[in-house]
Amino acid sequence: MTVQVHEYAADAVDQSDTAAAPSQPDSVLVGRDSDVPPTVSVVMPTMNEEEGIRECIERVKRAVSQSGYRTEVVISDDSDDRTPEIARELGAIVVEPDQPGYGYAYRYAFERCRGEYIVIGDADTTYDFEQFPRLLDPVVNGEADMVMGSRLDGEIKDGAMPALHQYVGNPALTRFLNVFYDAGVSDAHSGYRAFRAGILDELELKTDGMEFASEMIMDAGARDLTIEEIPITYHEREGEATLESFRDGWRHVRFMLVNAPGYLFTGPGIGMSAVGVVVMLAVFAGVTVSGVSFGIHTSIAGALLTIVGYQVANLGAFATVASDPIQRSEDVLTTTLIDRLNLERMATIGAGVWLAGVAYAGWLVVQWAATGFTQLPMRTGDVIAFTAIVIGLQTVFNAFFLSTVSHNR
């Protein structure tokens, strides 16, 4: 995905399709019943935002008057105060989602937008909607599929964002998202965005909660859409905050992890197995470190690490097939299991590994019987053999499970 950071002046846009006069003589905004469709839909989800909604809509109106963009304001409301009444008085279109949730409020409103372009943001005065043409211009000019306002690269007013969010939460979540999804953005959870309405047909947005902000960027990154960032000023909010820091932060992290099984399962699993195999072979070969040699207990620890890691790595393939994650695993193990090994091949390999271990175990039983079942010294080779038995059985049953999951999709 291409990400660029630009500074755009908030100049008026002189374009024939955007500079037409508003469709209603008594209002700057395009109404629901207007015969002339809007070019831009400004969407705000609201839950008891009567202290800030008026200022937000007035800012949109001032931007429309200066830029000439034909604009409708769509308020996706779940309030029990005067928010919807105030919005309607100012010419906004109010829709009421039939289910709760921040993400659902946006998705519900998107289905009812008529604009070719969409601008989104919170209705609590933290984002300056008077500046929305700055975000929108690169999209209209074909320079980006989406433009985000970056708070962390811009200015954050005193009291606008808790220090924990500004210096820990938002940077950490952004770093997570950039590593897992190659997003390359500076402020992944800024809610101030502009994009082509058409990209909603490309993205598969499904979440209902606060993780919607992450989902949009994750999916855009996976589809190699072009995102630009513009530094913005983040203001102190009006009204009571509804964000729950730890709960909503965890929802973002959880969503990023479960949609990147390569990072959650395959990578750690391969790492654990590799370390386990190296430990067992080192013990088997009699390797010493600083004069210290390792015995059977170290070999057992390596075997356990190998077995656990192998199963965790297989979970990456299961998750990729079963959930169709946003960031599909493309590592060698996952692609081999899914694309190259069918049930019969995988089960045959597992059975072969299992038989090799069983053959060695049978030889041990013969030795044990020769001593009258009185002596059976434990050696590193024995640990490796029993590890092979376990991994062989895992492979056989994993083959059937993967086949079942694939068949049912």
# chains A, B, ... in the order shown; residues from 1 in each chain; ligands from 1
>>> residues_around(residues="A:Ile300", least_positions_apart="3", cutoff="12 Å", atoms="only C-alpha atoms", output="number ranges by chain")
A: 276-277, 279-281, 283-284, 294-297, 303-307, 378-387
>>> residues_around(residues="A:Ser406", least_positions_apart="3", cutoff="12 Å", atoms="only C-alpha atoms", output="ChimeraX atom specification")
/A:317-324,337-339,342-343,398-403,409
>>> residues_around(residues="stretch 311-316 of chain A", least_positions_apart="4", cutoff="10 Å", atoms="only C-alpha atoms", output="ChimeraX atom specification")
/A:258,260-273,306-307,320-322,328-329,331,333-334,337,391,394-395,398-399,402
>>> write_last_selection(atoms="C-alpha atoms", output="short mmCIF file (atom, residue, chain, number, x, y, z; two decimals), in the first residue's frame")
data_model
loop_
_atom_site.label_atom_id
_atom_site.label_comp_id
_atom_site.auth_asym_id
_atom_site.auth_seq_id
_atom_site.Cartn_x
_atom_site.Cartn_y
_atom_site.Cartn_z
CA VAL A 258 -6.91 -12.80 14.73
CA ALA A 260 -3.03 -12.01 10.91
CA PRO A 261 -2.64 -15.74 11.69
CA GLY A 262 0.86 -15.75 10.27
CA TYR A 263 1.98 -13.46 13.09
CA LEU A 264 -0.27 -14.97 15.75
CA PHE A 265 0.26 -18.68 15.03
CA THR A 266 2.64 -19.62 12.23
CA GLY A 267 5.61 -17.42 13.11
CA PRO A 268 5.71 -18.26 16.83
CA GLY A 269 5.01 -21.93 16.08
CA ILE A 270 7.87 -22.27 13.62
CA GLY A 271 10.14 -20.43 16.02
CA MET A 272 9.32 -22.72 18.94
CA SER A 273 9.72 -25.87 16.83
CA THR A 306 8.89 -28.91 19.23
CA ILE A 307 5.50 -30.54 19.68
CA THR A 320 -6.35 -19.05 7.28
CA VAL A 321 -8.77 -21.59 5.81
CA ALA A 322 -11.56 -21.27 8.36
CA ARG A 328 -3.72 -14.20 4.65
CA SER A 329 -0.64 -16.19 5.66
CA ASP A 331 4.57 -18.44 4.54
CA LEU A 333 4.35 -23.93 5.76
CA THR A 334 0.84 -22.52 5.40
CA LEU A 337 -0.42 -27.29 3.82
CA ILE A 391 4.04 -35.34 15.61
CA GLN A 394 -0.79 -34.81 15.01
CA THR A 395 -0.13 -34.64 11.28
CA ASN A 398 -4.52 -32.31 11.36
CA ALA A 399 -4.87 -33.53 7.79
CA LEU A 402 -7.91 -29.26 7.58
#
>>> closest_residue(among="A:Asn141, A:Gln131, A:Gln166, A:Thr46", to="A:Tyr106", atoms="only C-alpha atoms")
A:Thr46
>>> select_by_dssp(residues="stretch 4-189 of chain A", states="strand (DSSP E)", output="short mmCIF file (atom, residue, chain, number, x, y, z; two decimals) with N, CA, C and O atoms, in the first residue's frame")
data_model
loop_
_atom_site.label_atom_id
_atom_site.label_comp_id
_atom_site.auth_asym_id
_atom_site.auth_seq_id
_atom_site.Cartn_x
_atom_site.Cartn_y
_atom_site.Cartn_z
N GLN A 4 1.48 8.42 1.62
CA GLN A 4 2.21 9.67 1.47
C GLN A 4 1.66 10.67 2.47
O GLN A 4 0.49 10.62 2.84
N VAL A 5 2.52 11.59 2.86
CA VAL A 5 2.12 12.66 3.78
C VAL A 5 2.26 13.97 3.06
O VAL A 5 3.33 14.28 2.51
N VAL A 40 -20.48 15.05 -2.07
CA VAL A 40 -19.82 14.60 -0.85
C VAL A 40 -20.86 14.26 0.20
O VAL A 40 -21.84 15.00 0.37
N SER A 41 -20.63 13.16 0.91
CA SER A 41 -21.43 12.80 2.08
C SER A 41 -20.53 12.86 3.30
O SER A 41 -19.52 12.15 3.37
N VAL A 42 -20.87 13.74 4.24
CA VAL A 42 -20.13 13.83 5.50
C VAL A 42 -20.90 13.02 6.53
O VAL A 42 -22.05 13.32 6.83
N VAL A 43 -20.27 11.99 7.06
CA VAL A 43 -20.95 11.05 7.96
C VAL A 43 -20.39 11.20 9.37
O VAL A 43 -19.17 11.17 9.58
N MET A 44 -21.31 11.35 10.34
CA MET A 44 -20.92 11.43 11.75
C MET A 44 -21.77 10.46 12.56
O MET A 44 -23.00 10.55 12.53
N PRO A 45 -21.16 9.52 13.27
CA PRO A 45 -21.92 8.69 14.21
C PRO A 45 -22.10 9.46 15.52
O PRO A 45 -21.17 10.12 15.98
N THR A 46 -23.29 9.43 16.08
CA THR A 46 -23.53 10.21 17.29
C THR A 46 -24.23 9.38 18.36
O THR A 46 -25.09 8.56 18.07
N THR A 71 -22.80 19.04 -0.77
CA THR A 71 -22.57 18.17 0.39
C THR A 71 -23.85 17.88 1.15
O THR A 71 -24.67 18.76 1.38
N GLU A 72 -23.98 16.63 1.55
CA GLU A 72 -25.01 16.23 2.51
C GLU A 72 -24.30 15.80 3.80
O GLU A 72 -23.19 15.28 3.77
N VAL A 73 -24.95 16.06 4.91
CA VAL A 73 -24.45 15.58 6.20
C VAL A 73 -25.39 14.48 6.68
O VAL A 73 -26.60 14.70 6.81
N VAL A 74 -24.82 13.31 6.92
CA VAL A 74 -25.61 12.16 7.38
C VAL A 74 -25.20 11.85 8.81
O VAL A 74 -24.04 11.52 9.08
N ILE A 75 -26.15 11.98 9.72
CA ILE A 75 -25.92 11.69 11.13
C ILE A 75 -26.49 10.30 11.44
O ILE A 75 -27.68 10.05 11.27
N SER A 76 -25.61 9.40 11.84
CA SER A 76 -26.04 8.04 12.20
C SER A 76 -26.19 8.02 13.71
O SER A 76 -25.21 7.91 14.46
N ASP A 77 -27.43 8.12 14.18
CA ASP A 77 -27.68 8.50 15.57
C ASP A 77 -28.24 7.38 16.44
O ASP A 77 -29.12 6.62 16.02
N ILE A 93 -29.23 15.06 7.49
CA ILE A 93 -30.08 13.88 7.35
C ILE A 93 -29.76 12.95 8.52
O ILE A 93 -28.59 12.61 8.75
N VAL A 94 -30.77 12.55 9.26
CA VAL A 94 -30.57 11.71 10.43
C VAL A 94 -31.10 10.31 10.15
O VAL A 94 -32.25 10.14 9.74
N VAL A 95 -30.24 9.32 10.32
CA VAL A 95 -30.65 7.91 10.20
C VAL A 95 -30.43 7.25 11.54
O VAL A 95 -29.56 7.65 12.32
N TYR A 117 -18.09 10.86 -2.89
CA TYR A 117 -17.00 10.84 -1.93
C TYR A 117 -17.59 10.90 -0.53
O TYR A 117 -18.67 11.47 -0.32
N ILE A 118 -16.87 10.32 0.44
CA ILE A 118 -17.36 10.29 1.81
C ILE A 118 -16.28 10.82 2.74
O ILE A 118 -15.10 10.49 2.61
N VAL A 119 -16.71 11.66 3.66
CA VAL A 119 -15.84 12.17 4.73
C VAL A 119 -16.44 11.69 6.05
O VAL A 119 -17.65 11.80 6.26
N ILE A 120 -15.61 11.15 6.93
CA ILE A 120 -16.12 10.67 8.22
C ILE A 120 -15.35 11.32 9.36
O ILE A 120 -14.20 11.72 9.21
N MET A 146 -7.75 7.09 -0.27
CA MET A 146 -8.19 7.52 1.06
C MET A 146 -7.18 8.51 1.62
O MET A 146 -5.97 8.36 1.40
N VAL A 147 -7.67 9.51 2.33
CA VAL A 147 -6.81 10.45 3.02
C VAL A 147 -7.20 10.48 4.49
O VAL A 147 -8.39 10.55 4.82
N MET A 148 -6.21 10.41 5.35
CA MET A 148 -6.44 10.43 6.80
C MET A 148 -5.82 11.68 7.40
O MET A 148 -4.75 12.12 6.98
N GLY A 149 -6.49 12.22 8.40
CA GLY A 149 -5.92 13.32 9.16
C GLY A 149 -5.07 12.77 10.28
O GLY A 149 -5.56 12.02 11.12
N SER A 150 -3.80 13.09 10.30
CA SER A 150 -2.89 12.58 11.32
C SER A 150 -2.78 13.54 12.50
O SER A 150 -2.28 14.65 12.36
N ARG A 151 -3.26 13.08 13.64
CA ARG A 151 -3.15 13.88 14.85
C ARG A 151 -1.74 13.87 15.40
O ARG A 151 -1.23 14.87 15.91
N LEU A 152 -1.09 12.69 15.32
CA LEU A 152 0.23 12.53 15.91
C LEU A 152 1.30 13.28 15.12
O LEU A 152 2.33 13.65 15.68
N ASP A 153 1.09 13.50 13.83
CA ASP A 153 2.01 14.30 13.03
C ASP A 153 1.60 15.77 12.99
O ASP A 153 2.32 16.61 12.46
N GLY A 154 0.40 16.05 13.52
CA GLY A 154 -0.09 17.42 13.55
C GLY A 154 0.02 18.02 14.93
O GLY A 154 1.04 17.87 15.61
N GLU A 155 -1.04 18.69 15.37
CA GLU A 155 -1.06 19.34 16.68
C GLU A 155 -2.20 18.79 17.52
O GLU A 155 -3.32 18.67 17.05
N ILE A 156 -1.90 18.46 18.75
CA ILE A 156 -2.91 17.99 19.69
C ILE A 156 -3.04 19.05 20.78
O ILE A 156 -2.10 19.29 21.54
#
>>> select_by_dssp(residues="stretch 289-336 of chain A", states="helix (DSSP H, G or I)", output="PyMOL selection string")
chain A and resi 296-323+332-336
>>> atom_distance(atom1="atom CA of A:Gly169", atom2="atom CA of A:His189")
10.0 Å
>>> closest_residue(among="A:Gln367, A:Ser34, A:Thr288, A:Asn170", to="A:Gly91", atoms="only C-alpha atoms")
A:Ser34
>>> decode(residues="stretch 261-295 of chain A", atoms="N, CA, C and O atoms", output="PDB file, in the first residue's frame")
ATOM      1  N   PRO A 261      -3.045 -14.461  11.089  1.00  0.00           N
ATOM      2  CA  PRO A 261      -2.638 -15.743  11.690  1.00  0.00           C
ATOM      3  C   PRO A 261      -1.174 -16.072  11.481  1.00  0.00           C
ATOM      4  O   PRO A 261      -0.593 -16.841  12.255  1.00  0.00           O
ATOM      5  N   GLY A 262      -0.558 -15.503  10.465  1.00  0.00           N
ATOM      6  CA  GLY A 262       0.864 -15.745  10.270  1.00  0.00           C
ATOM      7  C   GLY A 262       1.690 -15.216  11.427  1.00  0.00           C
ATOM      8  O   GLY A 262       2.664 -15.841  11.859  1.00  0.00           O
ATOM      9  N   TYR A 263       1.293 -14.044  11.950  1.00  0.00           N
ATOM     10  CA  TYR A 263       1.984 -13.459  13.095  1.00  0.00           C
ATOM     11  C   TYR A 263       1.536 -14.086  14.413  1.00  0.00           C
ATOM     12  O   TYR A 263       2.328 -14.225  15.338  1.00  0.00           O
ATOM     13  N   LEU A 264       0.265 -14.440  14.505  1.00  0.00           N
ATOM     14  CA  LEU A 264      -0.272 -14.970  15.752  1.00  0.00           C
ATOM     15  C   LEU A 264       0.104 -16.430  15.960  1.00  0.00           C
ATOM     16  O   LEU A 264       0.445 -16.837  17.077  1.00  0.00           O
ATOM     17  N   PHE A 265       0.056 -17.241  14.902  1.00  0.00           N
ATOM     18  CA  PHE A 265       0.263 -18.683  15.035  1.00  0.00           C
ATOM     19  C   PHE A 265       1.530 -19.175  14.334  1.00  0.00           C
ATOM     20  O   PHE A 265       2.401 -19.767  14.964  1.00  0.00           O
ATOM     21  N   THR A 266       1.607 -18.959  13.019  1.00  0.00           N
ATOM     22  CA  THR A 266       2.643 -19.618  12.231  1.00  0.00           C
ATOM     23  C   THR A 266       4.050 -19.199  12.645  1.00  0.00           C
ATOM     24  O   THR A 266       4.911 -20.054  12.862  1.00  0.00           O
ATOM     25  N   GLY A 267       4.284 -17.893  12.734  1.00  0.00           N
ATOM     26  CA  GLY A 267       5.614 -17.418  13.106  1.00  0.00           C
ATOM     27  C   GLY A 267       6.086 -17.939  14.453  1.00  0.00           C
ATOM     28  O   GLY A 267       7.157 -18.559  14.551  1.00  0.00           O
ATOM     29  N   PRO A 268       5.298 -17.728  15.528  1.00  0.00           N
ATOM     30  CA  PRO A 268       5.709 -18.257  16.831  1.00  0.00           C
ATOM     31  C   PRO A 268       5.845 -19.775  16.827  1.00  0.00           C
ATOM     32  O   PRO A 268       6.750 -20.331  17.467  1.00  0.00           O
ATOM     33  N   GLY A 269       4.942 -20.466  16.113  1.00  0.00           N
ATOM     34  CA  GLY A 269       5.008 -21.927  16.085  1.00  0.00           C
ATOM     35  C   GLY A 269       6.281 -22.431  15.431  1.00  0.00           C
ATOM     36  O   GLY A 269       6.953 -23.331  15.966  1.00  0.00           O
ATOM     37  N   ILE A 270       6.634 -21.863  14.284  1.00  0.00           N
ATOM     38  CA  ILE A 270       7.866 -22.269  13.617  1.00  0.00           C
ATOM     39  C   ILE A 270       9.076 -21.952  14.491  1.00  0.00           C
ATOM     40  O   ILE A 270      10.026 -22.744  14.583  1.00  0.00           O
ATOM     41  N   GLY A 271       9.032 -20.805  15.146  1.00  0.00           N
ATOM     42  CA  GLY A 271      10.144 -20.428  16.016  1.00  0.00           C
ATOM     43  C   GLY A 271      10.330 -21.403  17.161  1.00  0.00           C
ATOM     44  O   GLY A 271      11.454 -21.841  17.450  1.00  0.00           O
ATOM     45  N   MET A 272       9.225 -21.777  17.827  1.00  0.00           N
ATOM     46  CA  MET A 272       9.321 -22.724  18.936  1.00  0.00           C
ATOM     47  C   MET A 272       9.821 -24.085  18.469  1.00  0.00           C
ATOM     48  O   MET A 272      10.674 -24.711  19.113  1.00  0.00           O
ATOM     49  N   SER A 273       9.295 -24.556  17.353  1.00  0.00           N
ATOM     50  CA  SER A 273       9.721 -25.866  16.833  1.00  0.00           C
ATOM     51  C   SER A 273      11.191 -25.863  16.455  1.00  0.00           C
ATOM     52  O   SER A 273      11.917 -26.838  16.722  1.00  0.00           O
ATOM     53  N   ALA A 274      11.631 -24.786  15.826  1.00  0.00           N
ATOM     54  CA  ALA A 274      13.035 -24.713  15.421  1.00  0.00           C
ATOM     55  C   ALA A 274      13.960 -24.772  16.633  1.00  0.00           C
ATOM     56  O   ALA A 274      14.966 -25.495  16.636  1.00  0.00           O
ATOM     57  N   VAL A 275      13.611 -24.027  17.673  1.00  0.00           N
ATOM     58  CA  VAL A 275      14.425 -24.043  18.888  1.00  0.00           C
ATOM     59  C   VAL A 275      14.409 -25.435  19.510  1.00  0.00           C
ATOM     60  O   VAL A 275      15.448 -25.966  19.941  1.00  0.00           O
ATOM     61  N   GLY A 276      13.222 -26.059  19.546  1.00  0.00           N
ATOM     62  CA  GLY A 276      13.106 -27.394  20.132  1.00  0.00           C
ATOM     63  C   GLY A 276      13.936 -28.427  19.402  1.00  0.00           C
ATOM     64  O   GLY A 276      14.628 -29.251  20.029  1.00  0.00           O
ATOM     65  N   VAL A 277      13.906 -28.397  18.070  1.00  0.00           N
ATOM     66  CA  VAL A 277      14.684 -29.350  17.271  1.00  0.00           C
ATOM     67  C   VAL A 277      16.178 -29.135  17.485  1.00  0.00           C
ATOM     68  O   VAL A 277      16.960 -30.098  17.641  1.00  0.00           O
ATOM     69  N   VAL A 278      16.609 -27.870  17.506  1.00  0.00           N
ATOM     70  CA  VAL A 278      18.024 -27.566  17.720  1.00  0.00           C
ATOM     71  C   VAL A 278      18.480 -28.083  19.084  1.00  0.00           C
ATOM     72  O   VAL A 278      19.577 -28.661  19.218  1.00  0.00           O
ATOM     73  N   VAL A 279      17.648 -27.910  20.109  1.00  0.00           N
ATOM     74  CA  VAL A 279      17.999 -28.381  21.448  1.00  0.00           C
ATOM     75  C   VAL A 279      18.150 -29.898  21.457  1.00  0.00           C
ATOM     76  O   VAL A 279      19.134 -30.443  21.988  1.00  0.00           O
ATOM     77  N   MET A 280      17.188 -30.607  20.863  1.00  0.00           N
ATOM     78  CA  MET A 280      17.276 -32.074  20.845  1.00  0.00           C
ATOM     79  C   MET A 280      18.508 -32.551  20.091  1.00  0.00           C
ATOM     80  O   MET A 280      19.218 -33.469  20.536  1.00  0.00           O
ATOM     81  N   LEU A 281      18.782 -31.975  18.931  1.00  0.00           N
ATOM     82  CA  LEU A 281      19.944 -32.396  18.154  1.00  0.00           C
ATOM     83  C   LEU A 281      21.246 -32.063  18.870  1.00  0.00           C
ATOM     84  O   LEU A 281      22.227 -32.818  18.783  1.00  0.00           O
ATOM     85  N   ALA A 282      21.268 -30.919  19.579  1.00  0.00           N
ATOM     86  CA  ALA A 282      22.475 -30.539  20.315  1.00  0.00           C
ATOM     87  C   ALA A 282      22.763 -31.551  21.414  1.00  0.00           C
ATOM     88  O   ALA A 282      23.918 -31.955  21.628  1.00  0.00           O
ATOM     89  N   VAL A 283      21.722 -31.976  22.108  1.00  0.00           N
ATOM     90  CA  VAL A 283      21.903 -32.986  23.158  1.00  0.00           C
ATOM     91  C   VAL A 283      22.324 -34.311  22.538  1.00  0.00           C
ATOM     92  O   VAL A 283      23.222 -35.002  23.040  1.00  0.00           O
ATOM     93  N   PHE A 284      21.696 -34.683  21.435  1.00  0.00           N
ATOM     94  CA  PHE A 284      21.998 -35.952  20.775  1.00  0.00           C
ATOM     95  C   PHE A 284      23.447 -35.980  20.289  1.00  0.00           C
ATOM     96  O   PHE A 284      24.130 -37.014  20.360  1.00  0.00           O
ATOM     97  N   ALA A 285      23.952 -34.828  19.813  1.00  0.00           N
ATOM     98  CA  ALA A 285      25.315 -34.756  19.295  1.00  0.00           C
ATOM     99  C   ALA A 285      26.350 -34.522  20.385  1.00  0.00           C
ATOM    100  O   ALA A 285      27.549 -34.503  20.117  1.00  0.00           O
ATOM    101  N   GLY A 286      25.898 -34.342  21.631  1.00  0.00           N
ATOM    102  CA  GLY A 286      26.818 -34.136  22.733  1.00  0.00           C
ATOM    103  C   GLY A 286      27.472 -32.769  22.753  1.00  0.00           C
ATOM    104  O   GLY A 286      28.593 -32.604  23.240  1.00  0.00           O
ATOM    105  N   VAL A 287      26.768 -31.762  22.202  1.00  0.00           N
ATOM    106  CA  VAL A 287      27.319 -30.407  22.170  1.00  0.00           C
ATOM    107  C   VAL A 287      27.431 -29.852  23.588  1.00  0.00           C
ATOM    108  O   VAL A 287      26.525 -30.049  24.417  1.00  0.00           O
ATOM    109  N   THR A 288      28.531 -29.175  23.861  1.00  0.00           N
ATOM    110  CA  THR A 288      28.705 -28.528  25.161  1.00  0.00           C
ATOM    111  C   THR A 288      28.809 -27.023  24.968  1.00  0.00           C
ATOM    112  O   THR A 288      29.283 -26.537  23.928  1.00  0.00           O
ATOM    113  N   VAL A 289      28.348 -26.276  25.967  1.00  0.00           N
ATOM    114  CA  VAL A 289      28.423 -24.822  25.948  1.00  0.00           C
ATOM    115  C   VAL A 289      29.168 -24.370  27.195  1.00  0.00           C
ATOM    116  O   VAL A 289      28.715 -24.603  28.318  1.00  0.00           O
ATOM    117  N   SER A 290      30.338 -23.749  26.977  1.00  0.00           N
ATOM    118  CA  SER A 290      31.201 -23.302  28.089  1.00  0.00           C
ATOM    119  C   SER A 290      31.501 -24.449  29.037  1.00  0.00           C
ATOM    120  O   SER A 290      31.503 -24.289  30.269  1.00  0.00           O
ATOM    121  N   GLY A 291      31.723 -25.624  28.466  1.00  0.00           N
ATOM    122  CA  GLY A 291      32.067 -26.786  29.266  1.00  0.00           C
ATOM    123  C   GLY A 291      30.888 -27.492  29.898  1.00  0.00           C
ATOM    124  O   GLY A 291      31.061 -28.489  30.600  1.00  0.00           O
ATOM    125  N   VAL A 292      29.687 -26.990  29.656  1.00  0.00           N
ATOM    126  CA  VAL A 292      28.485 -27.590  30.241  1.00  0.00           C
ATOM    127  C   VAL A 292      27.812 -28.471  29.187  1.00  0.00           C
ATOM    128  O   VAL A 292      27.527 -28.021  28.077  1.00  0.00           O
ATOM    129  N   SER A 293      27.561 -29.728  29.530  1.00  0.00           N
ATOM    130  CA  SER A 293      26.845 -30.637  28.633  1.00  0.00           C
ATOM    131  C   SER A 293      25.406 -30.768  29.105  1.00  0.00           C
ATOM    132  O   SER A 293      25.098 -30.568  30.281  1.00  0.00           O
ATOM    133  N   PHE A 294      24.532 -31.118  28.176  1.00  0.00           N
ATOM    134  CA  PHE A 294      23.102 -31.195  28.482  1.00  0.00           C
ATOM    135  C   PHE A 294      22.645 -32.647  28.441  1.00  0.00           C
ATOM    136  O   PHE A 294      23.112 -33.444  27.623  1.00  0.00           O
ATOM    137  N   GLY A 295      21.694 -32.948  29.319  1.00  0.00           N
ATOM    138  CA  GLY A 295      21.248 -34.322  29.448  1.00  0.00           C
ATOM    139  C   GLY A 295      19.838 -34.545  28.962  1.00  0.00           C
ATOM    140  O   GLY A 295      19.271 -33.761  28.200  1.00  0.00           O
TER     141      GLY A 295
END
